[in-house]
Structures are given as structure tokens and as C-alpha cells.
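K.L.:
Structure below; questions to follow.
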Number of protein chains: 2
Amino acid sequence: MKYLIAEDEKELQQSIATYLSREANVCETASDYREASEKLELYDYDIVVLDINLITGSGLELLKKLKEQNKKCGVIIISANSSLDDKLEGLDLGADDYITKPFHLAELNSRIKAVLRRGQFGGNDSITFEEIRLDTLARSAYVNDKPITLTRKEYDLLLFFITNQGRVLSKAIIAEHLWGDDSDLLDNFDFIYVHINNLRKKLTKAGAKYIQTAYGSGYKFIAD
Amino acid sequence: MKYLIAEDEKELQQSIATYLSREANVCETASDYREASEKLELYDYDIVVLDINLITGSGLELLKKLKEQNKKCGVIIISANSSLDDKLEGLDLGADDYITKPFHLAELNSRIKAVLRRGQFGGNDSITFEEIRLDTLARSAYVNDKPITLTRKEYDLLLFFITNQGRVLSKAIIAEHLWGDDSDLLDNFDFIYVHINNLRKKLTKAGAKYIQTAYGSGYKFIAD
DNA sequence: TGATAGCCTTTAAATTATCTTTAGAATCTC
DNA sequence: GAGATTCTAAAGATAATTTAAAGGCTATCA
């Protein structure tokens, strides 16, 4: 999972980011309207935590743009005052949930989880593809209802594949989504081969082989 | 796609080139003003990554010249300081985007992709010609919505044909665009025959035959 | 109009690049 | 510190690209 925290109060931003980076693979931040807008244009996120009262521009504006571009990421609004108007307008514009300052990080986290569940996984805690089922709460995987044990990276990789089924995913895209762009690894993607291989072995052993190699460009997850 | 990296810090230049050469067909470099200027005059590029602070001459100067020559390539400026002036001036002069040092290679890559999308493909991820459709994100090709598997060179060749439809493309032009000028291959273009033949076979088999031979001058892609 | 030289098509083999797989070292987690 | 996970390195397998070569086609000029 890849999150973006758009919040201009540096301290709050940092504490949110620190807390959530335990949950997400990649947790990036934006400190003003421009940065947030730019990052949203450049990258795909699963979740955006958006402060409505960004100093340099309205979060609502940003939200509007986001939804016009038809991005599929979930949006959770932070509003400073408890004025209902902002919240309602935000929800009208397509935000998935809101939270009012001050709040507990744990609450934000569980709201995010709820949004992910509702949005990406169709209101369900589990997401399925053919005979594969992922329990997103427990982060566990099943093939034909028999559990298979996956490591964290394997689970993340499988989830990324399933949520992007049919699309060719280059090693660069996979690396960006699972490792972020702040890593030393990024001049050498070879380690991805190993994870692909490990995941493939486990899936194949359980009778599910959907990871196809697109020679020279990446991998794709597809039913034959 | 053909990129030029105009950057005089050797190390940075190399790491950019290494990263981007996974994405582009041809990724050439220029280490000073003269070299960059020369290459831009001689060859066509889809993207130029241009350091504004080239030691031996101003990148802005180069940009100005480029735009006067009305080249259609996308330009992304690298600026060392975060001084807004340089950036704004750059954008004024026709740069398509800018990025400030230090930056992540993945970000540069995403910006390039965005510029290409906006510019060359009219803001769209897929590009069509009659019953052929290319999904530029997935690097996959369809004829009448049925997928056809192309190798990397075949895909690149087809994309080059479609984006230059109707125009006679000499083998030299094709070679320059798909292989660059730094190769040993270039005193003998015969290998292009093989790629043309392979691509033709696949397209014909799928019911699309648009590659016409212009005897003695090249090939062109055209509806009958 | 038919001989010829240059250009193109096609196939197969050689070379090169990319991917798979394994084993073990480094790192993280409890 | 023990066990699991993640990453590195390298050898082997597979697919793509290039080379080479034989034969067909096209324009040109006797």
C-alpha cells in the first residue's frame, strides 16, 4: 500500500507519517498544495490523507481535481474546525471519510483501513481472484480456501498484482510501489526476480499460476 | 523513445542514464553545452533532460535555441538551487516540467512519462490507428481488441510507425530512433529488414497490414 | 524487353540480453 | 541470539536480437 499525507503542519505530518509507515509499504508526504498536487499527478496512491486547510491552496480544490481525474485512491479529509460544512462538502466531492483535529493516530489508521476495505476491496475484508483469496485484515492468503503462508513482501506483491490484474507491471513500477523511491536498491531491480520466483513457487504449489512474464517489460497477473 | 541527458556531473549523468535506459530505447548523454547543442541539432529526441547549470554554457540558452528551432521534443529542466526564477524562466521558454536537485530517479521517470503522455499522445495512455490499439502504460498491442504479443523492438517499431503514419521512414531514421547513434550496428541497416518482417507477419496474421514498402527509400505506415 | 545491379524478403543460426533458480550472506524481528 | 525474511551473487535456461546468406523483386538502361 502506498499512502500520501498532505499536511502542512510539519510536526503533525511527521507523526502521522511515522505512525502509518508501519502499516503501508510506502508513506510519502506533501507539505503544501503544489507538492500534493504534483505528487498526485505523478504517482498512484492507495490512500490520500488530505488536510482541507492547506495553507497554500484549498484541499477541497485538490480533491475536486483528483476526482475529475478519476483516480481510484481513497481520500480521507482532515478538517481543523469542526464546522460541518467543510466535511459535507468534502464528502460531496467524493472524499471517503473525514476526521477532525485533534485526533488519535489509531483512529486515523482504522478509518484508513475501513476506506481501503470499502473502496478497493468492494466493502469486504477479503479480495479474491479466481481461486485465490486475500484476507486484508489478517494479511493472509488462501487458495481454494486452503491457507498459504506468505512473507510480507510476497503478500504485498500478490496484492499489488491482484489489484492491477491484466496490466503489465514493470520492475520499476513494482519497485516504486513496494519499496518507494528512497531506497538504495533502485539501480538494480534483480532482487525482484527472487520475490517473483518465491511467490510463484508458493502459488503454483497451491495450484494457482497466474503470474505471466512479459519478456523485456515486466510481469502481469492474468487468468490464462 | 529516445532521450538525451544533458548533465555535466558525470556521476549523476551516469545514474540517470542507467535508470532511464531501462525505459527508453535510446538514452544518450551530453556532458557540456557544446555536445548537447550539437546532438540536439543533429538528432531527434522525444525527451531532453536538461541541467540548467551546465558549466560551459547556460541550459536556458540551449532551451531557447531548441524552441526557436521548433523541435517537438519534451524538455525537463534540472535546476540545482531551488531558486524559483530559473524554473519560471525555464517554463516560460517552453520547458515542459522541472525538477530540483536532489531528486529521486523514479520521480524524474514519472515526470518524463507525464510529459510524454501530455505531449505526444494527447493526454491519453492509449493510442490507436484503425483497428490497432497500443496501451502505452502496459506496452501492449491489440488488433480489434485482441491482444497480439510483440517483442520490445516490435512494439517500439509499431509505435514509431503509428506516431509517424503516412510519412516515409528511411531505415536510417528508424535506426536512429530505435537504436541511437552510439552503436556498432549503424554501418549496416540490414537487421531492420528482419524486424520489419517479424512485425509485418504478426500484424498480417491479426488482419492488419499497413506497412508499405517504399522501394529505395524506406517504409510507410498507411491505411491502404 | 531482358539483363543487371541494387534493394527487399525470408529463413536459420549465432550471439546477446533477460529471466529463472539456487544458495548463502546480511538484515530484521521477536 | 535464534529464526525468519530479505537481498546479493552467480550459474543455467530461455527468449530476443543480430548476423549471415540464399533467393525474389524493381528500376534502369541497353
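Labels used: A, B, ... for chains in the order of the C-alpha cells, numbers from 1 for residues in each chain, and numbers from 1 for ligands as shown.
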Tell me the residues of chain B close to chain D, meaning within 12 Å using only C-alpha atoms (C1' of nucleotides), as an NGL selection string.

P.N.:
:B and (150-154 or 179 or 184-185 or 188-195 or 198 or 213-216)

K.L.:
Would you list which chain C residues are within 12 Å of chain B using only C-alpha atoms (C1' of nucleotides), as a list in words?

P.N.:
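Taken together, these residues fit the definition: DG6, DC7, DC8, DT9, DT10, DT11, DA17 and DT18 of chain C.
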
K.L.:
Could you list, as an MDAnalysis selection string, the residues of chain B having an atom within 6 Å of chain A when counting only C-alpha atoms?

P.N.:
chainID B and resid 106 110 138

K.L.:
Quick one: pick out all strand (DSSP E) residues within region 11-213 of chain B from a backbone DSSP run and write them as a ChimeraX atom specification.

P.N.:
/B:26-30,47-51,74-79,97-100,126-129,132-135,140-143,146-148,211-213

K.L.:
CA of Gln212 (chain B) and CA of Val143 (chain B), how far apart in Å?

P.N.:
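We find that CA of Val143 (chain B) and CA of Gln212 (chain B) lie 17.9 Å from each other.
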
K.L.:
Applying 6 Å and only C-alpha atoms (C1' of nucleotides), which residues near Leu50 (chain B) remain after dropping the ones on its own chain fewer than 3 positions away? List them as JSON, numbers by chain.

P.N.:
{"B": [6, 77, 78]}

K.L.:
With C-alpha atoms retained, write the just-selected residues as a compact mmCIF listing (two decimals), in the first residue's frame.

P.N.:
```
# COMPACT_ATOMS: atom_id res chain seq x y z
CA ALA B 6 22.44 16.88 -20.77
CA ILE B 77 14.82 21.05 -16.61
CA ILE B 78 17.08 20.09 -13.74
```

K.L.:
How many Å lie between CA of His177 (chain B) and CA of Arg133 (chain B), rounded to one decimal?

P.N.:
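Distance between the two atoms: 21.0 Å.
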
K.L.:
Compile the contact shell of Asn53 (chain A) as a list of chain:residue names: residues with an atom at most 9 Å away, counting only C-alpha atoms (C1' of nucleotides), same-chain residues fewer than 5 positions apart removed.

P.N.:
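Returned residues: A:Glu7, A:Asp8, A:Ser58, A:Gly59, A:Leu60, A:Ile78, A:Ser79, A:Ala80.
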
K.L.:
Do a neighbour search on Leu105 (chain A) at 12 Å with only C-alpha atoms (C1' of nucleotides), toss out local chain neighbours closer than 2 positions, and write the hits as an MDAnalysis selection string.

P.N.:
chainID A and resid 12:23 49 78 99:103 107:112

K.L.:
Let me see the file: selected residues, C-alpha atoms, as a CSV table (one decimal), in the first residue's frame.

P.N.:
```
chain,number,residue,atom,x,y,z
A,12,LEU,CA,1.6,16.5,12.7
A,13,GLN,CA,2.7,15.4,9.3
A,14,GLN,CA,5.7,13.7,10.7
A,15,SER,CA,3.9,11.9,13.4
A,16,ILE,CA,1.2,10.7,11.0
A,17,ALA,CA,3.9,9.5,8.6
A,18,THR,CA,5.8,7.7,11.3
A,19,TYR,CA,2.8,6.0,12.6
A,20,LEU,CA,1.4,5.0,9.2
A,21,SER,CA,4.7,3.9,7.7
A,22,ARG,CA,4.3,0.9,9.9
A,23,GLU,CA,1.2,0.0,8.0
A,49,VAL,CA,-4.8,11.8,3.9
A,78,ILE,CA,-8.6,16.2,8.0
A,99,ILE,CA,-11.6,13.1,10.7
A,100,THR,CA,-11.5,16.2,12.9
A,101,LYS,CA,-8.5,17.6,14.6
A,102,PRO,CA,-7.3,16.7,17.2
A,103,PHE,CA,-7.5,13.0,16.6
A,107,GLU,CA,-8.4,6.3,14.8
A,108,LEU,CA,-7.0,7.6,11.6
A,109,ASN,CA,-5.4,4.3,10.9
A,110,SER,CA,-8.6,2.4,11.4
A,111,ARG,CA,-10.5,4.8,9.2
A,112,ILE,CA,-8.0,4.2,6.5
```

K.L.:
So that I can see what lies close to region 62-69 of chain A, please list as number ranges by chain the residues with an atom at most 9 Å from it, counting only C-alpha atoms (C1' of nucleotides) and leaving out residues fewer than 3 positions away in the same chain.

P.N.:
A: 33, 36-37, 40-41, 50, 52, 57-59, 72-73, 75, 90, 93-95

K.L.:
Produce a file of the selected residues containing N, CA and C atoms, as an mmCIF file, in the first residue's frame.

P.N.:
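Resulting contents of out_7.cif:
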```
data_model
loop_
_atom_site.group_PDB
_atom_site.id
_atom_site.type_symbol
_atom_site.label_atom_id
_atom_site.label_comp_id
_atom_site.auth_asym_id
_atom_site.auth_seq_id
_atom_site.Cartn_x
_atom_site.Cartn_y
_atom_site.Cartn_z
ATOM 1 N N TYR A 33 0.058 22.745 -1.125
ATOM 2 C CA TYR A 33 -0.858 22.430 -2.220
ATOM 3 C C TYR A 33 -0.114 21.956 -3.454
ATOM 4 N N ALA A 36 1.505 18.498 -3.108
ATOM 5 C CA ALA A 36 0.485 17.444 -3.087
ATOM 6 C C ALA A 36 -0.082 17.234 -4.484
ATOM 7 N N SER A 37 -0.390 18.335 -5.131
ATOM 8 C CA SER A 37 -0.984 18.266 -6.454
ATOM 9 C C SER A 37 -0.063 17.554 -7.431
ATOM 10 N N LEU A 40 0.307 13.792 -6.671
ATOM 11 C CA LEU A 40 -0.887 13.053 -7.065
ATOM 12 C C LEU A 40 -0.947 12.853 -8.563
ATOM 13 N N GLU A 41 -0.372 13.814 -9.281
ATOM 14 C CA GLU A 41 -0.373 13.682 -10.729
ATOM 15 C C GLU A 41 0.637 12.626 -11.177
ATOM 16 N N LEU A 50 -5.746 14.021 3.514
ATOM 17 C CA LEU A 50 -5.712 15.366 2.945
ATOM 18 C C LEU A 50 -6.225 16.403 3.928
ATOM 19 N N ILE A 52 -7.773 19.674 4.681
ATOM 20 C CA ILE A 52 -8.602 20.605 3.914
ATOM 21 C C ILE A 52 -8.024 22.014 3.952
ATOM 22 N N GLY A 57 -3.377 26.587 -0.551
ATOM 23 C CA GLY A 57 -4.431 26.271 -1.508
ATOM 24 C C GLY A 57 -5.441 25.374 -0.836
ATOM 25 N N SER A 58 -6.618 25.325 -1.355
ATOM 26 C CA SER A 58 -7.654 24.565 -0.687
ATOM 27 C C SER A 58 -7.539 23.082 -0.970
ATOM 28 N N GLY A 59 -7.660 22.295 0.091
ATOM 29 C CA GLY A 59 -7.671 20.861 -0.075
ATOM 30 C C GLY A 59 -8.886 20.422 -0.885
ATOM 31 N N LYS A 72 -8.430 6.314 -8.515
ATOM 32 C CA LYS A 72 -9.174 5.359 -7.706
ATOM 33 C C LYS A 72 -8.761 5.358 -6.240
ATOM 34 N N CYS A 73 -7.863 6.278 -5.862
ATOM 35 C CA CYS A 73 -7.376 6.227 -4.487
ATOM 36 C C CYS A 73 -8.415 6.722 -3.487
ATOM 37 N N VAL A 75 -9.729 8.764 -0.218
ATOM 38 C CA VAL A 75 -9.363 10.062 0.331
ATOM 39 C C VAL A 75 -9.977 10.229 1.705
ATOM 40 N N GLY A 90 -16.723 18.149 1.478
ATOM 41 C CA GLY A 90 -15.697 17.168 1.153
ATOM 42 C C GLY A 90 -16.294 15.840 0.755
ATOM 43 N N LEU A 93 -17.808 15.973 -2.565
ATOM 44 C CA LEU A 93 -16.834 15.957 -3.657
ATOM 45 C C LEU A 93 -16.183 14.598 -3.815
ATOM 46 N N GLY A 94 -16.538 13.674 -2.965
ATOM 47 C CA GLY A 94 -16.053 12.317 -3.189
ATOM 48 C C GLY A 94 -15.050 11.807 -2.178
ATOM 49 N N ALA A 95 -14.828 12.549 -1.103
ATOM 50 C CA ALA A 95 -13.962 12.013 -0.055
ATOM 51 C C ALA A 95 -14.632 10.780 0.540
#
```

K.L.:
Quick one: distance from CA of Pro147 (chain B) to CA of Ile222 (chain A) in Å, one decimal?

P.N.:
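Between CA of Pro147 (chain B) and CA of Ile222 (chain A) the gap works out to 12.9 Å.
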
K.L.:
Contacts of Ala208 (chain A) at 9 Å or less, counting only C-alpha atoms (C1' of nucleotides), minus same-chain residues fewer than 5 places along, as a PyMOL selection string?

P.N.:
chain A and resi 130-132+143+200+202-203

K.L.:
Going by DSSP on the backbone, which bits of region 58-208 of chain A are helix (DSSP H, G or I)? Write them as a ChimeraX atom specification, please.

P.N.:
/A:59-68,84-92,105-119,152-163,171-179,184-187,191-205
